[in-house]
Each structure stands twice: as C-alpha cells, then as structure tokens.
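**Student:** query.cif is reproduced below (mmCIF, C-alpha atoms (C1' of nucleotides)).
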data_protein
loop_
_atom_site.label_atom_id
_atom_site.label_comp_id
_atom_site.auth_asym_id
_atom_site.auth_seq_id
_atom_site.Cartn_x
_atom_site.Cartn_y
_atom_site.Cartn_z
CA MET A 476 54.98 94.71 79.78
CA ASP A 477 54.59 90.99 79.23
CA SER A 478 56.80 88.28 80.54
CA THR A 479 58.97 87.76 77.48
CA GLU A 480 59.64 91.48 77.28
CA ALA A 481 60.57 91.49 80.96
CA THR A 482 62.90 88.55 80.46
CA HIS A 483 64.53 90.31 77.57
CA ARG A 484 65.08 93.49 79.49
CA LEU A 485 66.42 91.58 82.46
CA LEU A 486 68.95 89.71 80.37
CA GLU A 487 70.00 92.91 78.68
CA ALA A 488 70.55 94.63 82.02
CA ALA A 489 72.19 91.57 83.52
CA GLU A 490 74.71 91.31 80.73
CA GLU A 491 75.68 94.97 80.87
CA LEU A 492 76.09 94.94 84.62
CA PHE A 493 77.53 91.48 85.18
CA TYR A 494 80.11 91.80 82.45
CA ALA A 495 81.18 95.27 83.46
CA HIS A 496 81.40 94.83 87.22
CA GLY A 497 81.38 91.11 87.85
CA VAL A 498 78.44 89.04 89.00
CA GLN A 499 79.03 89.24 92.72
CA ALA A 500 79.45 92.99 92.69
CA VAL A 501 76.02 93.51 91.13
CA GLY A 502 72.96 93.24 93.34
CA MET A 503 69.55 92.16 92.19
CA ASP A 504 68.40 95.66 92.97
CA ALA A 505 70.81 97.06 90.43
CA VAL A 506 69.39 94.69 87.83
CA ARG A 507 65.90 95.82 88.74
CA GLU A 508 66.84 99.46 88.44
CA ARG A 509 68.66 99.10 85.13
CA SER A 510 65.99 96.89 83.55
CA GLY A 511 62.97 98.76 84.85
CA VAL A 512 61.43 95.41 85.78
CA SER A 513 60.02 95.08 89.27
CA LEU A 514 61.65 92.77 91.79
CA LYS A 515 58.53 90.66 91.94
CA ARG A 516 58.56 90.08 88.22
CA LEU A 517 62.29 89.51 88.25
CA TYR A 518 61.84 86.62 90.66
CA GLN A 519 59.00 85.27 88.57
CA CYS A 520 61.26 85.11 85.54
CA PHE A 521 64.35 83.94 87.44
CA PRO A 522 63.60 82.31 90.79
CA ALA A 523 67.15 82.86 92.01
CA LYS A 524 70.17 84.89 91.08
CA THR A 525 72.00 81.80 89.90
CA ASP A 526 69.25 81.27 87.33
CA LEU A 527 69.77 84.76 86.02
CA VAL A 528 73.52 84.28 85.90
CA GLU A 529 73.15 81.02 84.05
CA ALA A 530 70.81 82.56 81.51
CA TYR A 531 73.17 85.50 81.09
CA LEU A 532 76.07 83.17 80.34
CA LEU A 533 74.11 81.00 77.94
CA ARG A 534 72.90 84.00 76.02
CA ARG A 535 76.31 85.58 75.92
CA ASP A 536 77.77 82.35 74.63
CA GLU A 537 75.31 82.25 71.74
CA ARG A 538 75.83 85.84 70.73
CA TRP A 539 79.56 85.84 71.18
CA ARG A 540 79.99 82.81 68.99
CA ALA A 541 77.52 84.10 66.44
CA SER A 542 79.48 87.32 66.11
CA LEU A 543 82.74 85.45 65.68
CA ARG A 544 81.20 82.99 63.25
CA GLU A 545 79.77 85.71 61.03
CA PHE A 546 83.00 87.63 60.94
CA VAL A 547 85.05 84.59 60.04
CA HIS A 548 82.49 83.42 57.53
CA ALA A 549 82.66 86.76 55.76
CA ARG A 550 86.39 86.18 55.51
CA GLY A 551 85.89 82.85 53.83
CA GLY A 552 86.48 80.81 56.93
CA ASP A 553 90.09 81.85 57.25
CA PRO A 554 91.25 80.73 60.72
CA LEU A 555 93.42 83.82 60.98
CA ALA A 556 90.28 85.92 60.80
CA VAL A 557 89.54 84.68 64.31
CA PHE A 558 92.43 86.75 65.56
CA ASP A 559 91.37 89.79 63.60
CA TRP A 560 88.00 89.50 65.25
CA LEU A 561 89.72 89.26 68.62
CA ALA A 562 91.63 92.44 67.86
CA GLY A 563 88.35 94.25 67.33
CA TRP A 564 86.86 92.82 70.48
CA PHE A 565 89.86 93.69 72.64
CA ALA A 566 89.72 97.27 71.42
CA GLU A 567 86.07 97.73 72.28
CA PRO A 568 85.44 100.14 75.12
CA GLY A 569 84.42 98.17 78.17
CA PHE A 570 86.30 95.05 77.13
CA ARG A 571 87.02 93.12 80.31
CA GLY A 572 88.13 89.71 79.13
CA CYS A 573 86.17 86.52 78.73
CA ALA A 574 82.95 86.54 80.72
CA PHE A 575 83.25 82.82 81.26
CA VAL A 576 86.79 82.90 82.54
CA ASN A 577 85.87 85.77 84.81
CA SER A 578 82.89 83.88 86.15
CA PHE A 579 85.03 80.84 86.69
CA GLY A 580 87.31 82.97 88.82
CA GLU A 581 84.41 84.49 90.70
CA PHE A 582 82.83 81.27 91.82
CA GLY A 583 85.03 78.85 93.66
CA GLU A 584 82.23 76.32 93.81
CA PRO A 585 79.80 77.52 91.16
CA ALA A 586 76.19 76.45 91.05
CA PRO A 587 75.95 73.42 88.75
CA GLY A 588 74.19 75.35 86.01
CA ILE A 589 76.85 78.02 86.02
CA ALA A 590 79.71 75.56 85.89
CA ALA A 591 77.98 73.78 83.01
CA ALA A 592 77.49 77.02 81.09
CA ILE A 593 81.16 77.89 81.43
CA ARG A 594 82.29 74.48 80.24
CA LYS A 595 79.76 74.48 77.44
CA HIS A 596 81.11 77.74 76.09
CA LYS A 597 84.67 76.48 75.96
CA ASP A 598 83.57 73.20 74.42
CA GLU A 599 81.62 75.00 71.72
CA VAL A 600 84.45 77.33 70.86
CA ARG A 601 86.86 74.43 70.66
CA ALA A 602 84.47 72.56 68.38
CA TYR A 603 84.11 75.62 66.20
CA LEU A 604 87.87 76.00 65.79
CA ARG A 605 88.18 72.33 64.99
CA GLY A 606 85.69 72.84 62.21
CA LEU A 607 87.82 75.66 60.86
CA VAL A 608 91.14 73.86 60.92
CA PRO A 609 91.51 70.36 59.51
CA ASP A 610 94.16 69.26 61.98
CA GLN A 611 92.58 68.97 65.41
CA GLY A 612 95.89 69.34 67.16
CA VAL A 613 96.50 72.65 65.46
CA ALA A 614 92.93 73.74 66.19
CA ASP A 615 93.55 73.12 69.89
CA GLN A 616 96.78 75.06 69.69
CA LEU A 617 94.93 78.01 68.22
CA PHE A 618 92.35 77.70 70.98
CA SER A 619 95.08 78.03 73.55
CA LEU A 620 96.34 81.15 71.79
CA VAL A 621 92.84 82.62 71.73
CA GLU A 622 92.38 82.11 75.45
CA GLY A 623 95.81 83.36 76.32
CA ALA A 624 95.48 86.48 74.22
CA THR A 625 92.10 87.23 75.78
CA VAL A 626 93.34 86.86 79.34
CA LEU A 627 96.40 88.97 78.69
CA ALA A 628 94.55 91.66 76.81
CA ALA A 629 92.15 91.95 79.72
CA ILE A 630 94.80 92.15 82.41
CA THR A 631 97.33 94.30 80.62
CA GLY A 632 94.75 96.33 78.73
CA ASP A 633 96.78 95.94 75.56
CA PRO A 634 94.71 94.95 72.49
CA GLY A 635 98.00 94.18 70.74
CA GLU A 636 97.89 90.71 72.26
CA ALA A 637 95.65 89.75 69.36
CA LYS A 638 98.40 90.55 66.90
CA THR A 639 100.96 88.51 68.81
CA ALA A 640 98.61 85.53 68.86
CA ARG A 641 97.81 85.99 65.19
CA GLU A 642 101.45 85.78 64.25
CA ALA A 643 101.84 82.61 66.27
CA ALA A 644 98.74 81.17 64.66
CA LYS A 645 100.09 81.90 61.21
CA VAL A 646 103.27 80.00 61.96
CA LEU A 647 101.33 77.06 63.36
CA LEU A 648 98.98 76.94 60.39
CA ASP A 649 101.82 77.15 57.88
CA ALA A 650 103.75 74.42 59.66
CA GLN A 651 100.74 72.16 59.42
CA LYS A 652 100.76 72.00 55.65
CA MET B 34 103.51 83.56 119.06
CA ASP B 35 105.26 86.66 117.78
CA SER B 36 104.14 88.89 115.00
CA THR B 37 106.25 87.42 112.20
CA GLU B 38 105.08 83.93 113.08
CA ALA B 39 101.48 85.14 113.04
CA THR B 40 102.00 86.80 109.67
CA HIS B 41 103.48 83.62 108.30
CA ARG B 42 100.62 81.48 109.53
CA LEU B 43 98.09 83.94 108.19
CA LEU B 44 99.63 83.96 104.74
CA GLU B 45 99.80 80.19 104.75
CA ALA B 46 96.14 79.90 105.66
CA ALA B 47 95.13 82.67 103.28
CA GLU B 48 96.82 81.02 100.34
CA GLU B 49 95.25 77.63 100.99
CA LEU B 50 91.79 79.06 101.43
CA PHE B 51 91.83 81.86 98.86
CA TYR B 52 93.25 79.72 96.11
CA ALA B 53 90.94 76.80 96.78
CA HIS B 54 87.65 78.65 97.20
CA GLY B 55 88.22 82.12 95.84
CA VAL B 56 88.85 85.25 97.85
CA GLN B 57 85.28 86.42 98.21
CA ALA B 58 84.05 83.05 99.35
CA VAL B 59 86.45 82.98 102.28
CA GLY B 60 85.64 85.06 105.34
CA MET B 61 88.17 86.52 107.71
CA ASP B 62 86.81 84.15 110.31
CA ALA B 63 87.82 81.17 108.21
CA VAL B 64 91.33 82.58 107.95
CA ARG B 65 91.41 83.01 111.70
CA GLU B 66 90.27 79.46 112.28
CA ARG B 67 92.69 77.88 109.83
CA SER B 68 95.67 79.93 110.96
CA GLY B 69 94.99 79.76 114.68
CA VAL B 70 95.69 83.49 114.87
CA SER B 71 93.20 85.62 116.74
CA LEU B 72 91.09 88.15 114.89
CA LYS B 73 92.68 90.97 116.82
CA ARG B 74 96.15 89.93 115.77
CA LEU B 75 94.99 89.32 112.25
CA TYR B 76 93.87 92.92 111.98
CA GLN B 77 97.13 94.09 113.51
CA CYS B 78 99.09 92.32 110.80
CA PHE B 79 96.68 93.17 107.98
CA PRO B 80 94.45 96.17 108.71
CA ALA B 81 91.96 95.15 106.05
CA LYS B 82 91.12 92.13 103.98
CA THR B 83 92.45 93.78 100.86
CA ASP B 84 95.87 94.00 102.54
CA LEU B 85 95.81 90.29 103.21
CA VAL B 86 94.75 89.56 99.66
CA GLU B 87 97.48 91.74 98.26
CA ALA B 88 100.11 90.05 100.43
CA TYR B 89 98.78 86.65 99.42
CA LEU B 90 99.13 87.50 95.75
CA LEU B 91 102.59 88.99 96.09
CA ARG B 92 103.85 85.97 97.99
CA ARG B 93 102.26 83.56 95.58
CA ASP B 94 103.84 85.38 92.67
CA GLU B 95 107.32 85.03 94.19
CA ARG B 96 106.95 81.35 94.99
CA TRP B 97 105.24 80.44 91.76
CA ARG B 98 107.95 82.04 89.68
CA ALA B 99 110.71 80.62 91.86
CA SER B 100 109.34 77.13 91.35
CA LEU B 101 109.13 77.60 87.60
CA ARG B 102 112.56 79.19 87.45
CA GLU B 103 114.24 76.37 89.34
CA PHE B 104 112.61 73.72 87.23
CA VAL B 105 113.58 75.37 83.97
CA HIS B 106 117.06 76.14 85.22
CA ALA B 107 117.60 72.47 86.05
CA ARG B 108 116.70 71.77 82.45
CA GLY B 109 119.35 74.13 81.18
CA GLY B 110 116.96 76.97 80.50
CA ASP B 111 115.09 75.11 77.78
CA PRO B 112 111.96 77.15 77.04
CA LEU B 113 110.05 73.94 76.43
CA ALA B 114 110.67 72.97 80.04
CA VAL B 115 108.20 75.69 80.94
CA PHE B 116 105.46 73.55 79.49
CA ASP B 117 106.66 70.44 81.25
CA TRP B 118 106.48 72.37 84.48
CA LEU B 119 102.96 73.42 83.57
CA ALA B 120 102.00 69.80 83.02
CA GLY B 121 103.09 68.99 86.53
CA TRP B 122 101.24 71.95 87.97
CA PHE B 123 98.01 71.18 86.11
CA ALA B 124 98.07 67.64 87.44
CA GLU B 125 98.45 68.68 91.06
CA PRO B 126 95.42 67.96 93.20
CA GLY B 127 93.68 71.20 93.97
CA PHE B 128 94.86 72.91 90.78
CA ARG B 129 92.38 75.66 90.06
CA GLY B 130 94.03 77.79 87.42
CA CYS B 131 96.01 80.96 87.78
CA ALA B 132 95.36 82.71 91.08
CA PHE B 133 95.89 86.07 89.42
CA VAL B 134 93.49 85.46 86.58
CA ASN B 135 90.94 84.17 89.05
CA SER B 136 91.36 87.23 91.22
CA PHE B 137 91.03 89.45 88.19
CA GLY B 138 87.70 87.80 87.50
CA GLU B 139 86.60 88.12 91.08
CA PHE B 140 87.11 91.83 91.42
CA GLY B 141 85.41 94.00 88.89
CA GLU B 142 87.04 97.07 90.38
CA PRO B 143 89.88 95.70 92.45
CA ALA B 144 91.58 97.65 95.21
CA PRO B 145 94.59 99.40 93.70
CA GLY B 146 97.08 97.13 95.47
CA ILE B 147 95.34 94.02 94.19
CA ALA B 148 95.20 95.26 90.63
CA ALA B 149 98.87 96.15 90.82
CA ALA B 150 99.79 92.70 92.17
CA ILE B 151 97.95 91.01 89.32
CA ARG B 152 99.62 93.14 86.69
CA LYS B 153 103.00 92.74 88.33
CA HIS B 154 102.75 88.98 88.16
CA LYS B 155 102.00 88.97 84.47
CA ASP B 156 104.72 91.50 83.76
CA GLU B 157 107.28 89.42 85.65
CA VAL B 158 106.34 86.22 83.89
CA ARG B 159 106.56 87.92 80.54
CA ALA B 160 109.97 89.33 81.41
CA TYR B 161 111.13 85.89 82.50
CA LEU B 162 110.07 84.30 79.23
CA ARG B 163 111.74 87.06 77.28
CA GLY B 164 114.92 86.21 79.10
CA LEU B 165 114.53 82.60 78.07
CA VAL B 166 113.85 83.20 74.40
CA PRO B 167 116.00 85.52 72.33
CA ASP B 168 113.21 86.68 70.06
CA GLN B 169 110.81 88.81 72.08
CA GLY B 170 107.98 88.23 69.66
CA VAL B 171 108.29 84.49 70.13
CA ALA B 172 108.57 84.90 73.89
CA ASP B 173 105.28 86.75 73.89
CA GLN B 174 103.73 84.04 71.76
CA LEU B 175 104.80 81.43 74.29
CA PHE B 176 103.37 83.59 77.04
CA SER B 177 100.02 83.54 75.30
CA LEU B 178 100.21 79.76 75.08
CA VAL B 179 101.05 79.48 78.77
CA GLU B 180 98.08 81.58 79.77
CA GLY B 181 95.71 79.84 77.42
CA ALA B 182 96.76 76.39 78.54
CA THR B 183 96.34 77.39 82.18
CA VAL B 184 92.87 78.78 81.68
CA LEU B 185 91.75 75.78 79.68
CA ALA B 186 93.25 73.23 82.02
CA ALA B 187 91.43 74.89 84.90
CA ILE B 188 88.06 75.02 83.20
CA THR B 189 88.11 71.68 81.45
CA GLY B 190 90.11 69.93 84.16
CA ASP B 191 92.32 68.38 81.51
CA PRO B 192 96.07 68.59 82.29
CA GLY B 193 96.70 67.58 78.68
CA GLU B 194 96.41 71.22 77.69
CA ALA B 195 100.05 71.55 78.66
CA LYS B 196 101.05 69.04 76.03
CA THR B 197 99.05 70.83 73.35
CA ALA B 198 100.70 74.10 74.22
CA ARG B 199 104.12 72.46 74.34
CA GLU B 200 103.74 71.18 70.80
CA ALA B 201 102.75 74.61 69.61
CA ALA B 202 105.69 76.13 71.43
CA LYS B 203 108.06 73.71 69.78
CA VAL B 204 106.85 74.72 66.35
CA LEU B 205 107.16 78.39 67.18
CA LEU B 206 110.65 77.99 68.57
CA ASP B 207 111.81 75.95 65.60
CA ALA B 208 110.37 78.45 63.15
CA GLN B 209 112.31 81.21 64.85
CA LYS B 210 115.71 79.81 63.92
"C1'" DT C 954 102.92 92.09 145.12
"C1'" DA C 955 100.40 95.86 142.60
"C1'" DG C 956 99.46 97.65 138.36
"C1'" DA C 957 99.83 98.54 133.47
"C1'" DC C 958 99.94 96.54 129.25
"C1'" DT C 959 98.73 92.86 126.02
"C1'" DA C 960 96.51 88.91 123.99
"C1'" DG C 961 92.74 85.91 122.98
"C1'" DA C 962 87.93 84.59 122.67
"C1'" DG C 963 84.05 85.79 121.15
"C1'" DA C 964 80.13 89.04 121.17
"C1'" DA C 965 78.53 93.12 118.87
"C1'" DC C 966 77.97 96.41 115.14
"C1'" DG C 967 76.89 97.97 110.62
"C1'" DA C 968 76.60 97.24 106.02
"C1'" DT C 969 75.25 94.64 102.16
"C1'" DC C 970 72.26 91.73 99.72
"C1'" DA C 971 69.21 87.80 98.19
"C1'" DT C 972 64.70 86.87 98.87
"C1'" DT C 973 59.97 87.52 100.61
"C1'" DC C 974 56.11 90.17 102.26
"C1'" DT C 975 52.78 94.09 102.51
"C1'" DC C 976 49.89 97.15 100.69
"C1'" DA C 977 47.61 100.07 97.70
"C1'" DG C 978 45.93 100.46 93.05
"C1'" DC C 979 43.99 98.76 88.68
"C1'" DG C 980 41.80 95.91 85.20
"C1'" DC C 981 38.52 92.23 84.38
"C1'" DC C 982 34.63 89.35 84.57
"C1'" DA C 983 29.90 88.44 86.67
"C1'" DT D 537 28.98 97.78 90.42
"C1'" DG D 538 31.72 94.81 93.21
"C1'" DG D 539 34.98 91.76 94.42
"C1'" DC D 540 39.07 88.94 92.58
"C1'" DG D 541 43.58 88.57 91.02
"C1'" DC D 542 47.48 90.57 89.45
"C1'" DT D 543 50.88 94.40 89.51
"C1'" DG D 544 54.59 97.58 91.04
"C1'" DA D 545 56.85 99.93 94.73
"C1'" DG D 546 59.27 99.39 98.30
"C1'" DA D 547 59.64 97.84 103.15
"C1'" DA D 548 60.91 93.84 105.90
"C1'" DT D 549 63.56 89.65 106.82
"C1'" DG D 550 67.42 86.89 107.56
"C1'" DA D 551 71.82 85.70 106.53
"C1'" DT D 552 76.60 86.74 105.77
"C1'" DC D 553 80.70 89.13 106.68
"C1'" DG D 554 84.24 92.82 107.49
"C1'" DT D 555 85.55 95.20 111.29
"C1'" DT D 556 85.51 96.75 116.12
"C1'" DC D 557 84.57 96.29 120.99
"C1'" DT D 558 84.39 94.02 125.60
"C1'" DC D 559 85.92 91.35 129.01
"C1'" DT D 560 88.79 88.26 131.16
"C1'" DA D 561 93.19 86.51 132.21
"C1'" DG D 562 97.53 86.41 131.96
"C1'" DT D 563 102.57 88.52 132.05
"C1'" DC D 564 106.08 91.54 132.74
"C1'" DT D 565 107.91 95.44 135.37
"C1'" DA D 566 108.81 98.40 139.44
#
Please express the file's structure as structure tokens.

**Tutor:**
Amino acid sequence: MDSTEATHRLLEAAEELFYAHGVQAVGMDAVRERSGVSLKRLYQCFPAKTDLVEAYLLRRDERWRASLREFVHARGGDPLAVFDWLAGWFAEPGFRGCAFVNSFGEFGEPAPGIAAAIRKHKDEVRAYLRGLVPDQGVADQLFSLVEGATVLAAITGDPGEAKTAREAAKVLLDAQK
Amino acid sequence: MDSTEATHRLLEAAEELFYAHGVQAVGMDAVRERSGVSLKRLYQCFPAKTDLVEAYLLRRDERWRASLREFVHARGGDPLAVFDWLAGWFAEPGFRGCAFVNSFGEFGEPAPGIAAAIRKHKDEVRAYLRGLVPDQGVADQLFSLVEGATVLAAITGDPGEAKTAREAAKVLLDAQK
DNA sequence: TAGACTAGAGAACGATCATTCTCAGCGCCA
DNA sequence: TGGCGCTGAGAATGATCGTTCTCTAGTCTA
C-alpha cells in the first residue's frame, strides 16, 4: 500500500468515525483499526491528530458542497432546491448535523487549522448561496435558514425541519421580486 | 459553607468554565479551583461530572429563556424583539454560540440526562415562539432563523447575523397576515 | 474534656489516549 | 549472499483527568 492509498483510507475512516461519534470520542487507534493503516504510517501521513482532523474537515467541505452544487444545478439553479437537498440529507441514516458546527462545539479553543477549516466552510457556503440568489441580503437570510434547519434536524431528529425552512425561503424569495 | 451555597458556587463556576471552554476541556479540578468548593464536597453535590453538566444545562436553559422572555415582554410581546435580544446577546463579550448546540457537538453519545436537557431546551424555545406567533408554521420558521443566526454569529463572530435574521423574520411575519 | 463525626487539602488510583519506541521480518541493491 | 532500510504490529511512555482515598484538624455533643 503506497502513501496516497494510505492517506485515502485514513481520510475515509476518519470521516466515518469522526462524523458519527465526534472527534474527541475517536482515538487514533480506532482510526488505525478502521483504515487498516498502521500507526506508524498514520503518523507519517498526519503528524498529529489535529492534522487529520483538519484534512477531514477540508475534504468533507469539498464533497458536501459538491453534492449540494450538483443537486441544485440539476434543478436549474433553483434556490429552493437547496432545501430539497437538505431534506434528503436530514433523512439519511447516520445524519448527525453539520460536521463543522459540531466540531466548533467540540473545540473550545480549536487548533488554528481547524478553526480556519470551519470558517472556510461557512464562508464558501455563503458565497455559493449568494451566487444563487441575486439579492445578497436574501441569500444571507436563506443561509440562516439552512443552518437553523440543520441544527434543529440534528437535535430533534426531525427531517421535517427542511420543509419548514423551505416554506420560509419561498416567502423570502417571492418577497424579493 | 452549607450544601446549597456549595451547589450554587459550583453551578456558577461550571457555567463560566463550561460555556467559555467547552465541557470536555474543563476538568473537575478547574471547577473546584474556580468555585472554591472542595473536591469531596463537589462529588457530594454532583456524584459524577455528567450530573454537573446536566445541572449546568438545565439552569442555563431557565435563565436564558427568562432573560429572553423578560426582554420580549417589555416590548409588548413583539416577535421581532426576539431578534433584538439576539443582537445584544451576540455582541456580549464571551459569546460563544448556543451552549446546547455546542454540547450536542461535544458529545457524540451524550449521557441520557444531557441529551434530554438539550432537547428540552429546544422544545421550550419552540413552544415559547409558538406562543408569540399565532401561526405555528411561521413560529417554526422564526425558530429556524434564531438557530441559524446563533450558529453563524458564533462561527463568524459577526453579531450582524441578528439583523439579517430580523429582516427575514419581518418579511415572514408580514406575509402571514 | 473525650470522642465521634465532618470537612478540606491534596495525594493516589485507574483509565484513556496521543505519540513514540522496539523488534522482528522482508525486499532491494552490491 | 549479506547487510541496509523500510514496514507493520504492538508495547511503552507520558500526560490528562474523573474519581476515590488518606490524613489532619477542626467542631459539636455528652
């Protein structure tokens, strides 16, 4: 197994474990076991746990936004499609809210790279929504709805939060015109 | 120092430390030091850390909602006052988002009491908003905005999220009539 | 005043966990 | 063929932290 393959397996294992149980609750040994990569190699690829966490977040950001982007694109860039995508996400088994918000809660004083990854994700999502909606104010309003629905769906376990937010978004978008 | 005084000091110290740094980052020894209550007494009042965390959350829920309730009541029960209260909260030094959302992120599999306290808080806030706004659907939409603004204000550090959410709320409330 | 109970300070215990080290095996080049 | 370097497996290290224990010194009661 070469180094890029090891890195890939590590990130795959890290994402499954970190997202499901939280970063702090998952030991490096669990990552080793799940990935099948030896501890020695793990520390060659990621010199410290914070490096692995940071890489996990950056990769999750890319994939999460890509999934959203593709879905919305297939719906002709309709901003309301964002909330339909959320509905699907919330209903997935193992949904546990936003990985970035959860990480923010986990680390009172996060390592700089981790804090940056969290902020980057939110900045990127905001920028994406602003590209979807002409009025930046309305885009930011939708962003707030997205975050709120995600938090509430995670805590209450009710995927219906997406529908509530969608209805609000529709009103806001209609009012804009 | 009697037992109720010790309990009070412990909860005071716990709230300051847990909210500021996160629960996991704060050891029982730090709580002892800040409160001036001995470890022995601490464990008499709260047999385990999870008990202290649960009590911290329950107390914070009561006070947080009381503060919001009083503010909004003084404004004649105007639902938009909720967002003005948020603006003040976001601007407080030491604001670090919603303690319950943060705790949710911290504990992948929370102790049952902790999970219940988190859910209770969100249920109570939702019920409060529903009492403020005749239309339950709109109340839930505002709830989503409240949560989203809180999360975003915490992560971006921008108290202006309250204003964004307020504008959205105004549109939603007007559309309801 | 003697003795039983209690509190506080802090050491001790035990578990967990990030990180490093050891060692035995295996391929690779001279 | 013979050593050199790299590997994986897993033990060892060192730190942190929740929880308990010990010991000393009061304090209240009989």

**Student:** Starting from chain A, keep only residues with some atom at most 9 Å from an atom of chain C, counting all atoms listed in the file, and report them as a PyMOL selection string.

**Tutor:** chain A and resi 502-504+518+523-524

**Student:** Might you spell out which residues the PyMOL selection byres ((chain A and resi 603-605) around 12) would select in the displayed file, as number ranges by chain?

**Tutor:** A: 540-541, 543-544, 547-548, 552-558, 596-602, 606-621

**Student:** Enumerate as a ChimeraX atom specification the residues belonging to chain B that approach chain A to within 8 Å, with only C-alpha atoms taken into account.

**Tutor:** /B:53-55,57-58,134-142,151-152,170-171,173-174,176-182,184-185,188-189,197-198,201,204-205,208

**Student:** When you get a sec, could you note down which chain A residues fall within 9 Å of chain D, using only C-alpha atoms (C1' of nucleotides), as a PyMOL selection string?

**Tutor:** chain A and resi 512-516

**Student:** Taking the file above as input, evaluate the PyMOL selection byres ((chain B and resi 42-45) around 12) and report the hits as a ChimeraX atom specification.

**Tutor:** /B:34-41,46-52,61-72,74-79,82,84-93

**Student:** Enter the distance from atom CA of A:Trp539 to atom CA of A:Phe570, in Å, rounded to one decimal.

**Tutor:**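 Going from atom CA of A:Trp539 over to atom CA of A:Phe570, I get 12.9 Å.
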
**Student:** Work out how far atom CA of A:Asp536 is from atom CA of B:Ala124, in Å to one decimal.

**Tutor:**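 According to the coordinates, atom CA of B:Ala124 and atom CA of A:Asp536 are separated by 28.2 Å.
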
**Student:** Using atom CA of A:Pro587 and atom CA of B:Gly127 as the two end points, give the distance in Å to one decimal.

**Tutor:** 18.6 Å
